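Student: The file below is work_13.tsv, TSV, C-alpha atoms and all ligand atoms:
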```tsv
chain	number	residue	atom	x	y	z
A	1362	MET	CA	135.28	84.89	93.31
A	1363	THR	CA	132.90	82.12	92.24
A	1364	SER	CA	130.36	83.04	89.62
A	1365	ALA	CA	127.65	80.83	88.18
A	1366	ILE	CA	124.89	81.03	85.63
A	1367	TYR	CA	121.42	79.61	86.24
A	1368	PRO	CA	119.85	79.51	82.78
A	1369	GLY	CA	116.26	78.74	81.87
A	1370	SER	CA	113.09	79.82	80.16
A	1371	PHE	CA	111.44	81.07	83.36
A	1372	ASP	CA	108.10	81.43	81.55
A	1373	PRO	CA	107.14	82.38	84.22
A	1374	VAL	CA	109.39	82.11	87.27
A	1375	THR	CA	107.99	79.63	89.82
A	1376	MET	CA	108.62	78.99	93.51
A	1377	GLY	CA	110.79	76.06	92.36
A	1378	HIS	CA	113.04	78.36	90.35
A	1379	LEU	CA	113.20	80.84	93.21
A	1380	ASP	CA	114.22	78.06	95.57
A	1381	VAL	CA	117.11	77.08	93.26
A	1382	ILE	CA	118.09	80.76	92.92
A	1383	ARG	CA	118.15	81.33	96.70
A	1384	ARG	CA	120.11	78.16	97.39
A	1385	SER	CA	122.62	78.87	94.62
A	1386	ALA	CA	123.07	82.49	95.69
A	1387	ALA	CA	123.99	81.23	99.15
A	1388	ILE	CA	126.76	79.09	97.66
A	1389	VAL	CA	128.36	81.30	94.98
A	1390	ASP	CA	129.55	84.89	95.18
A	1391	HIS	CA	127.77	86.02	92.05
A	1392	LEU	CA	124.82	84.38	90.35
A	1393	ILE	CA	123.59	85.32	86.90
A	1394	VAL	CA	120.02	84.20	86.25
A	1395	ALA	CA	119.92	84.02	82.48
A	1396	VAL	CA	116.65	84.06	80.56
A	1397	LEU	CA	116.89	82.22	77.27
A	1398	ASN	CA	115.62	84.17	74.32
A	1399	ASN	CA	114.47	81.22	72.26
A	1400	GLY	CA	112.69	82.25	69.08
A	1401	ALA	CA	111.49	78.68	68.46
A	1402	LYS	CA	109.18	78.48	71.48
A	1403	SER	CA	106.05	80.58	71.74
A	1404	PRO	CA	106.28	81.92	75.27
A	1405	LEU	CA	103.51	83.38	77.42
A	1406	PHE	CA	105.74	86.22	78.59
A	1407	SER	CA	108.23	88.19	76.51
A	1408	VAL	CA	111.88	87.99	77.48
A	1409	SER	CA	111.79	91.50	78.94
A	1410	GLU	CA	108.70	90.65	81.01
A	1411	ARG	CA	110.43	87.51	82.33
A	1412	VAL	CA	113.58	89.46	83.15
A	1413	SER	CA	111.62	92.13	84.98
A	1414	MET	CA	109.62	89.54	87.02
A	1415	LEU	CA	112.86	87.80	87.97
A	1416	LYS	CA	114.48	91.10	88.97
A	1417	ASP	CA	111.48	91.87	91.11
A	1418	VAL	CA	111.47	88.55	92.98
A	1419	THR	CA	115.26	88.56	93.54
A	1420	ARG	CA	115.45	92.17	94.74
A	1421	ASP	CA	116.49	91.04	98.23
A	1422	LEU	CA	119.42	89.01	96.88
A	1423	PRO	CA	122.29	91.45	96.25
A	1424	ASN	CA	124.56	88.93	94.53
A	1425	VAL	CA	121.96	87.94	91.93
A	1426	GLU	CA	121.93	89.56	88.52
A	1427	VAL	CA	119.26	88.88	85.89
A	1428	MET	CA	120.15	88.95	82.21
A	1429	SER	CA	118.87	87.51	78.95
A	1430	PHE	CA	120.79	85.69	76.26
A	1431	SER	CA	120.29	84.12	72.88
A	1432	GLY	CA	122.42	81.59	71.10
A	1433	LEU	CA	124.57	79.06	72.89
A	1434	LEU	CA	124.74	79.07	76.66
A	1435	VAL	CA	128.48	78.29	76.56
A	1436	ASP	CA	129.09	81.43	74.47
A	1437	PHE	CA	127.12	83.52	76.97
A	1438	ALA	CA	129.15	81.92	79.77
A	1439	LYS	CA	132.44	82.73	78.00
A	1440	GLN	CA	131.37	86.34	77.39
A	1441	ASN	CA	130.75	86.69	81.12
A	1442	SER	CA	133.87	84.73	82.16
A	1443	VAL	CA	131.75	82.13	83.97
A	1444	THR	CA	132.62	78.42	83.95
A	1445	LEU	CA	129.90	77.10	86.23
A	1446	ILE	CA	126.32	76.36	85.18
A	1447	ILE	CA	123.59	75.51	87.65
A	1448	ARG	CA	120.50	73.50	86.75
A	1449	GLY	CA	117.70	72.13	88.88
A	1450	LEU	CA	116.70	68.47	88.90
A	1451	ARG	CA	113.17	67.54	89.83
A	1452	ALA	CA	112.69	63.93	88.91
A	1453	VAL	CA	114.32	61.22	86.88
A	1454	THR	CA	112.48	62.61	83.85
A	1455	ASP	CA	114.69	65.72	83.98
A	1456	PHE	CA	117.85	63.66	84.24
A	1457	GLU	CA	118.23	62.36	80.72
A	1458	SER	CA	117.95	65.66	78.91
A	1459	GLU	CA	119.91	67.54	81.58
A	1460	LEU	CA	122.76	65.01	81.41
A	1461	ALA	CA	122.91	65.24	77.61
A	1462	MET	CA	122.90	69.02	77.76
A	1463	ALA	CA	125.67	69.13	80.38
A	1464	GLN	CA	127.79	66.67	78.42
A	1465	THR	CA	127.25	68.55	75.16
A	1466	ASN	CA	128.29	71.77	76.81
A	1467	ARG	CA	131.49	70.16	78.08
A	1468	VAL	CA	132.32	68.76	74.66
A	1469	ILE	CA	131.83	72.05	72.87
A	1470	CYS	CA	133.39	74.06	75.67
A	1471	PRO	CA	135.88	72.12	77.82
A	1472	GLY	CA	136.20	73.72	81.22
A	1473	ILE	CA	132.50	74.37	81.63
A	1474	GLU	CA	131.02	72.47	84.56
A	1475	THR	CA	127.36	71.89	85.41
A	1476	PHE	CA	126.18	71.54	88.99
A	1477	PHE	CA	122.73	70.12	89.68
A	1478	LEU	CA	120.65	71.14	92.64
A	1479	CYS	CA	117.99	68.65	93.68
A	1480	THR	CA	114.63	70.27	93.99
A	1481	SER	CA	113.22	70.91	97.41
A	1482	LEU	CA	110.59	68.23	97.97
A	1483	ARG	CA	107.77	70.73	98.27
A	1484	TYR	CA	108.46	72.01	94.74
A	1485	ALA	CA	109.28	68.69	93.10
A	1486	TYR	CA	106.05	68.65	91.06
A	1487	LEU	CA	106.27	72.26	89.96
A	1488	SER	CA	106.95	73.52	86.45
A	1489	SER	CA	106.12	76.67	84.51
A	1490	SER	CA	103.79	74.65	82.27
A	1491	THR	CA	101.87	73.30	85.29
A	1492	VAL	CA	101.41	76.87	86.51
A	1493	LYS	CA	100.08	77.97	83.11
A	1494	GLU	CA	97.73	75.00	82.91
A	1495	VAL	CA	96.27	75.69	86.36
A	1496	ALA	CA	95.97	79.46	85.80
A	1497	GLN	CA	94.37	79.08	82.39
A	1498	ASN	CA	91.67	76.96	84.01
A	1499	HIS	CA	91.04	79.53	86.75
A	1500	GLY	CA	92.86	77.48	89.40
A	1501	ASP	CA	94.67	78.86	92.43
A	1502	ILE	CA	98.36	79.48	91.69
A	1503	SER	CA	99.16	81.41	94.85
A	1504	GLN	CA	101.37	78.64	96.23
A	1505	LEU	CA	103.10	78.01	92.92
A	1506	VAL	CA	104.60	81.37	91.99
A	1507	PRO	CA	105.81	84.42	93.94
A	1508	PRO	CA	102.96	86.79	94.94
A	1509	SER	CA	103.93	89.58	92.51
A	1510	VAL	CA	103.79	87.14	89.59
A	1511	VAL	CA	100.27	85.81	90.32
A	1512	PRO	CA	98.23	88.73	88.84
A	1513	LYS	CA	100.51	88.97	85.81
A	1514	ILE	CA	99.70	85.40	84.80
A	1515	TYR	CA	95.92	85.74	85.18
A	1516	GLU	CA	96.12	88.99	83.24
A	1517	LYS	CA	97.71	87.16	80.30
A	1518	TYR	CA	94.70	84.85	80.18
A	1519	GLY	CA	92.24	87.71	80.60
A	1520	ILE	CA	91.10	86.31	83.94
A	1521	LYS	CA	89.95	88.77	86.58
A	1522	HIS	CA	91.51	87.91	89.92
A	1601	LIG	P1	114.27	75.16	80.55
A	1601	LIG	O1	113.35	75.44	79.40
A	1601	LIG	O2	115.69	75.56	80.30
A	1601	LIG	O3	114.16	73.79	81.18
A	1601	LIG	P2	112.84	76.13	82.88
A	1601	LIG	O4	112.50	77.54	83.17
A	1601	LIG	O5	111.73	75.18	82.67
A	1601	LIG	O6	113.81	76.23	81.63
A	1601	LIG	O7	113.78	75.54	84.02
A	1601	LIG	C1	115.02	76.11	84.31
A	1601	LIG	C2	115.78	75.20	85.26
A	1601	LIG	O8	115.10	75.14	86.50
A	1601	LIG	C3	115.92	73.76	84.78
A	1601	LIG	O9	117.18	73.27	85.20
A	1601	LIG	C4	114.82	73.04	85.52
A	1601	LIG	O10	115.12	71.68	85.71
A	1601	LIG	C5	114.83	73.80	86.84
A	1601	LIG	N1	113.55	73.74	87.55
A	1601	LIG	C6	112.34	74.04	87.06
A	1601	LIG	N2	111.38	73.86	88.00
A	1601	LIG	C7	112.03	73.43	89.11
A	1601	LIG	C8	111.60	73.03	90.41
A	1601	LIG	N3	110.32	73.02	90.74
A	1601	LIG	N4	112.55	72.65	91.30
A	1601	LIG	C9	113.86	72.63	90.93
A	1601	LIG	N5	114.32	72.98	89.73
A	1601	LIG	C10	113.42	73.37	88.82
```
Since I need it in another form, could you write the structure as structure tokens?
Tutor:
Amino acid sequence: MTSAIYPGSFDPVTMGHLDVIRRSAAIVDHLIVAVLNNGAKSPLFSVSERVSMLKDVTRDLPNVEVMSFSGLLVDFAKQNSVTLIIRGLRAVTDFESELAMAQTNRVICPGIETFFLCTSLRYAYLSSSTVKEVAQNHGDISQLVPPSVVPKIYEKYGIKH
């Protein structure tokens, strides 16, 4: 059985993330979407809110499990007996940091592999920070995030929608 972890901040989950999740879930037998509990960042949504939004939007994917983790990704992978990490690549700007992260993970944990999925063209521009920027300024985010996530974002900014 092939298992993989798709880690990220998912603050909040976007259509781009969901695209990577769907495509990965079609390739592996079991996909763990892992929300990073990173105390250093000041997120819009709490980890439990992010986990619950992800669970909601992946309800139709039976081989997808949503979890949270803190600490090193490789330790979380070991705890779950997973050796494959999936990351999404949007543009060349993602490449440098993603490459360094993948190489670091292999150095500190030989046997861990990272697979990169190229973004679907229609989501190539999309990031969680773009979504927050647009929403905060009362813009339309209906094409950027799954429908159930839209009101939750406006609510965070106290915007009636
Ligand atoms: P992180 O803080 O770990 O980068 P993100 O939630 O921003 O967490 O992203 C998680 C992963 O999803 C990263 O590999 C990122 O490159 C990828 N990703 C984000 N947005 C998109 C998108 N629109 N298309 C494809 N991959 C994406």
Student: Looking at A:Lys1402, A:Arg1448, A:Arg1383, A:Lys1439, which one is nearest to Gly1369 (chain A), with distances taken over only C-alpha atoms?
Tutor: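 Closest residue, counting only C-alpha atoms: A:Arg1448.
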Student: Can you check which parts of chain A lie within 9 Å of ligand LIG 1601 (chain A)? Per residue, the shortest pair of atoms and distance in Å to one decimal, counting all atoms listed in the file, sorted by chain and number, as a tab-separated table.
Tutor:
```
residue	atom	partner	partner_atom	distance
A:Tyr1367	CA	A:LIG1601	C2	7.2
A:Pro1368	CA	A:LIG1601	C1	6.1
A:Gly1369	CA	A:LIG1601	O6	3.5
A:Ser1370	CA	A:LIG1601	O4	3.8
A:Phe1371	CA	A:LIG1601	O4	3.7
A:Asp1372	CA	A:LIG1601	O4	6.1
A:Pro1373	CA	A:LIG1601	O4	7.3
A:Val1374	CA	A:LIG1601	O4	6.9
A:Thr1375	CA	A:LIG1601	N2	6.9
A:Met1376	CA	A:LIG1601	N3	6.8
A:Gly1377	CA	A:LIG1601	N3	3.5
A:His1378	CA	A:LIG1601	C7	5.2
A:Leu1379	CA	A:LIG1601	N4	8.4
A:Asp1380	CA	A:LIG1601	N4	7.1
A:Val1381	CA	A:LIG1601	C9	6.0
A:Val1396	CA	A:LIG1601	O4	8.2
A:Leu1397	CA	A:LIG1601	O2	7.4
A:Ile1447	CA	A:LIG1601	O9	7.2
A:Arg1448	CA	A:LIG1601	O9	3.7
A:Gly1449	CA	A:LIG1601	N5	3.6
A:Leu1450	CA	A:LIG1601	O10	4.8
A:Arg1451	CA	A:LIG1601	C9	5.3
A:Ala1452	CA	A:LIG1601	O10	8.7
A:Asp1455	CA	A:LIG1601	O10	6.2
A:Phe1456	CA	A:LIG1601	O10	8.6
A:Glu1459	CA	A:LIG1601	O9	7.3
A:Phe1477	CA	A:LIG1601	O9	7.8
A:Leu1478	CA	A:LIG1601	C9	7.2
A:Cys1479	CA	A:LIG1601	C9	6.4
A:Thr1480	CA	A:LIG1601	C9	3.9
A:Ser1481	CA	A:LIG1601	N4	6.4
A:Leu1482	CA	A:LIG1601	N4	8.2
A:Arg1483	CA	A:LIG1601	N3	8.3
A:Tyr1484	CA	A:LIG1601	N3	4.5
A:Ala1485	CA	A:LIG1601	N3	5.0
A:Tyr1486	CA	A:LIG1601	N3	6.1
A:Leu1487	CA	A:LIG1601	N3	4.2
A:Ser1488	CA	A:LIG1601	N2	4.7
A:Ser1489	CA	A:LIG1601	O5	6.1
A:Ser1490	CA	A:LIG1601	O5	8.0
```
Student: How many Å separate CA of Val1389 (chain A) from CA of Ser1429 (chain A)?
Tutor: 19.6 Å
Student: Take the point (111.0, 88.5, 77.9) as written in the file and pick out every residue within 12 Å of it, counting only C-alpha atoms; give the list as an MDAnalysis selection string.
Tutor: chainID A and resid 1369:1374 1395:1400 1403:1416 1427:1431
Student: Selected residues, C-alpha atoms, written as a PDB file, keeping the file's coordinate frame, please.
Tutor:
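What follows is the written file selection.pdb:
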```pdb
ATOM      1  CA  GLY A1369     116.260  78.740  81.870  1.00  0.00           C
ATOM      2  CA  SER A1370     113.090  79.820  80.160  1.00  0.00           C
ATOM      3  CA  PHE A1371     111.440  81.070  83.360  1.00  0.00           C
ATOM      4  CA  ASP A1372     108.100  81.430  81.550  1.00  0.00           C
ATOM      5  CA  PRO A1373     107.140  82.380  84.220  1.00  0.00           C
ATOM      6  CA  VAL A1374     109.390  82.110  87.270  1.00  0.00           C
ATOM      7  CA  ALA A1395     119.920  84.020  82.480  1.00  0.00           C
ATOM      8  CA  VAL A1396     116.650  84.060  80.560  1.00  0.00           C
ATOM      9  CA  LEU A1397     116.890  82.220  77.270  1.00  0.00           C
ATOM     10  CA  ASN A1398     115.620  84.170  74.320  1.00  0.00           C
ATOM     11  CA  ASN A1399     114.470  81.220  72.260  1.00  0.00           C
ATOM     12  CA  GLY A1400     112.690  82.250  69.080  1.00  0.00           C
ATOM     13  CA  SER A1403     106.050  80.580  71.740  1.00  0.00           C
ATOM     14  CA  PRO A1404     106.280  81.920  75.270  1.00  0.00           C
ATOM     15  CA  LEU A1405     103.510  83.380  77.420  1.00  0.00           C
ATOM     16  CA  PHE A1406     105.740  86.220  78.590  1.00  0.00           C
ATOM     17  CA  SER A1407     108.230  88.190  76.510  1.00  0.00           C
ATOM     18  CA  VAL A1408     111.880  87.990  77.480  1.00  0.00           C
ATOM     19  CA  SER A1409     111.790  91.500  78.940  1.00  0.00           C
ATOM     20  CA  GLU A1410     108.700  90.650  81.010  1.00  0.00           C
ATOM     21  CA  ARG A1411     110.430  87.510  82.330  1.00  0.00           C
ATOM     22  CA  VAL A1412     113.580  89.460  83.150  1.00  0.00           C
ATOM     23  CA  SER A1413     111.620  92.130  84.980  1.00  0.00           C
ATOM     24  CA  MET A1414     109.620  89.540  87.020  1.00  0.00           C
ATOM     25  CA  LEU A1415     112.860  87.800  87.970  1.00  0.00           C
ATOM     26  CA  LYS A1416     114.480  91.100  88.970  1.00  0.00           C
ATOM     27  CA  VAL A1427     119.260  88.880  85.890  1.00  0.00           C
ATOM     28  CA  MET A1428     120.150  88.950  82.210  1.00  0.00           C
ATOM     29  CA  SER A1429     118.870  87.510  78.950  1.00  0.00           C
ATOM     30  CA  PHE A1430     120.790  85.690  76.260  1.00  0.00           C
ATOM     31  CA  SER A1431     120.290  84.120  72.880  1.00  0.00           C
TER      32      SER A1431
END
```
Student: Would you mind listing what lies within 8 Å of Ala1438 (chain A) as a short mmCIF file (atom, residue, chain, number, x, y, z; two decimals) with C-alpha atoms, in the frame of the given file, with only C-alpha atoms counted and same-chain residues fewer than 5 positions away left out?
Tutor:
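Saved the output as out.cif:
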```cif
data_model
loop_
_atom_site.label_atom_id
_atom_site.label_comp_id
_atom_site.auth_asym_id
_atom_site.auth_seq_id
_atom_site.Cartn_x
_atom_site.Cartn_y
_atom_site.Cartn_z
CA ILE A 1366 124.89 81.03 85.63
CA VAL A 1443 131.75 82.13 83.97
CA THR A 1444 132.62 78.42 83.95
#
```
Student: Can you work out the spacing between CA of Ile1393 (chain A) and CA of Thr1363 (chain A) in Å, to one decimal?
Tutor: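 The value is 11.2 Å.
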Student: Put the listed atoms of region 1397-1407 of chain A in a box along x, y and z with 4 Å added on every side and give me the centre and edge lengths in Å to one decimal, as JSON.
Tutor:
```
{"center_x": 110.2, "center_y": 83.3, "center_z": 73.5, "size_x": 21.4, "size_y": 17.7, "size_z": 18.1}
```
Student: What does the structure give for the distance between CA of Val1394 (chain A) and CA of Glu1426 (chain A), in Å to one decimal?
Tutor: 6.1 Å
Student: Have a look at A:Gly1500, A:Pro1507, A:Gly1432, A:Pro1423 and name the one nearest to Ala1387 (chain A); count all atoms listed in the file.
Tutor: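 Nearest to Ala1387 (chain A): A:Pro1423.
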Student: In terms of the shortest atom-to-atom distance over all atoms listed in the file, which of A:His1522, A:Lys1513, A:Val1453, A:Asp1421 is closest to Lys1493 (chain A)?
Tutor: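 Of A:His1522, A:Lys1513, A:Val1453, A:Asp1421, the one nearest Lys1493 (chain A) is A:Lys1513, counting all atoms listed in the file.
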Student: Give the answer as one residue: which of A:Asn1498, A:Ser1442, A:Gln1504, A:Ser1364 has the shortest atom-to-atom distance to Ile1520 (chain A), using all atoms listed in the file?
Tutor: A:Asn1498
Student: Which polymer residues have any atom within 8 Å of an atom of Val1425 (chain A), counting all atoms listed in the file, with same-chain residues fewer than 3 positions away left out, as an mmCIF file with C-alpha atoms, keeping the file's coordinate frame?
Tutor:
```
data_model
loop_
_atom_site.group_PDB
_atom_site.id
_atom_site.type_symbol
_atom_site.label_atom_id
_atom_site.label_comp_id
_atom_site.auth_asym_id
_atom_site.auth_seq_id
_atom_site.Cartn_x
_atom_site.Cartn_y
_atom_site.Cartn_z
ATOM 1 C CA ALA A 1386 123.070 82.490 95.690
ATOM 2 C CA HIS A 1391 127.770 86.020 92.050
ATOM 3 C CA LEU A 1392 124.820 84.380 90.350
ATOM 4 C CA ILE A 1393 123.590 85.320 86.900
ATOM 5 C CA VAL A 1394 120.020 84.200 86.250
ATOM 6 C CA THR A 1419 115.260 88.560 93.540
ATOM 7 C CA LEU A 1422 119.420 89.010 96.880
#
```
Student: From the options A:Asp1436, A:Glu1457, A:Asp1501, A:Asp1390, which residue's atoms come nearest to Cys1470 (chain A), counting all atoms listed in the file?
Tutor: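 Of all the options, A:Asp1436 lies closest to Cys1470 (chain A).
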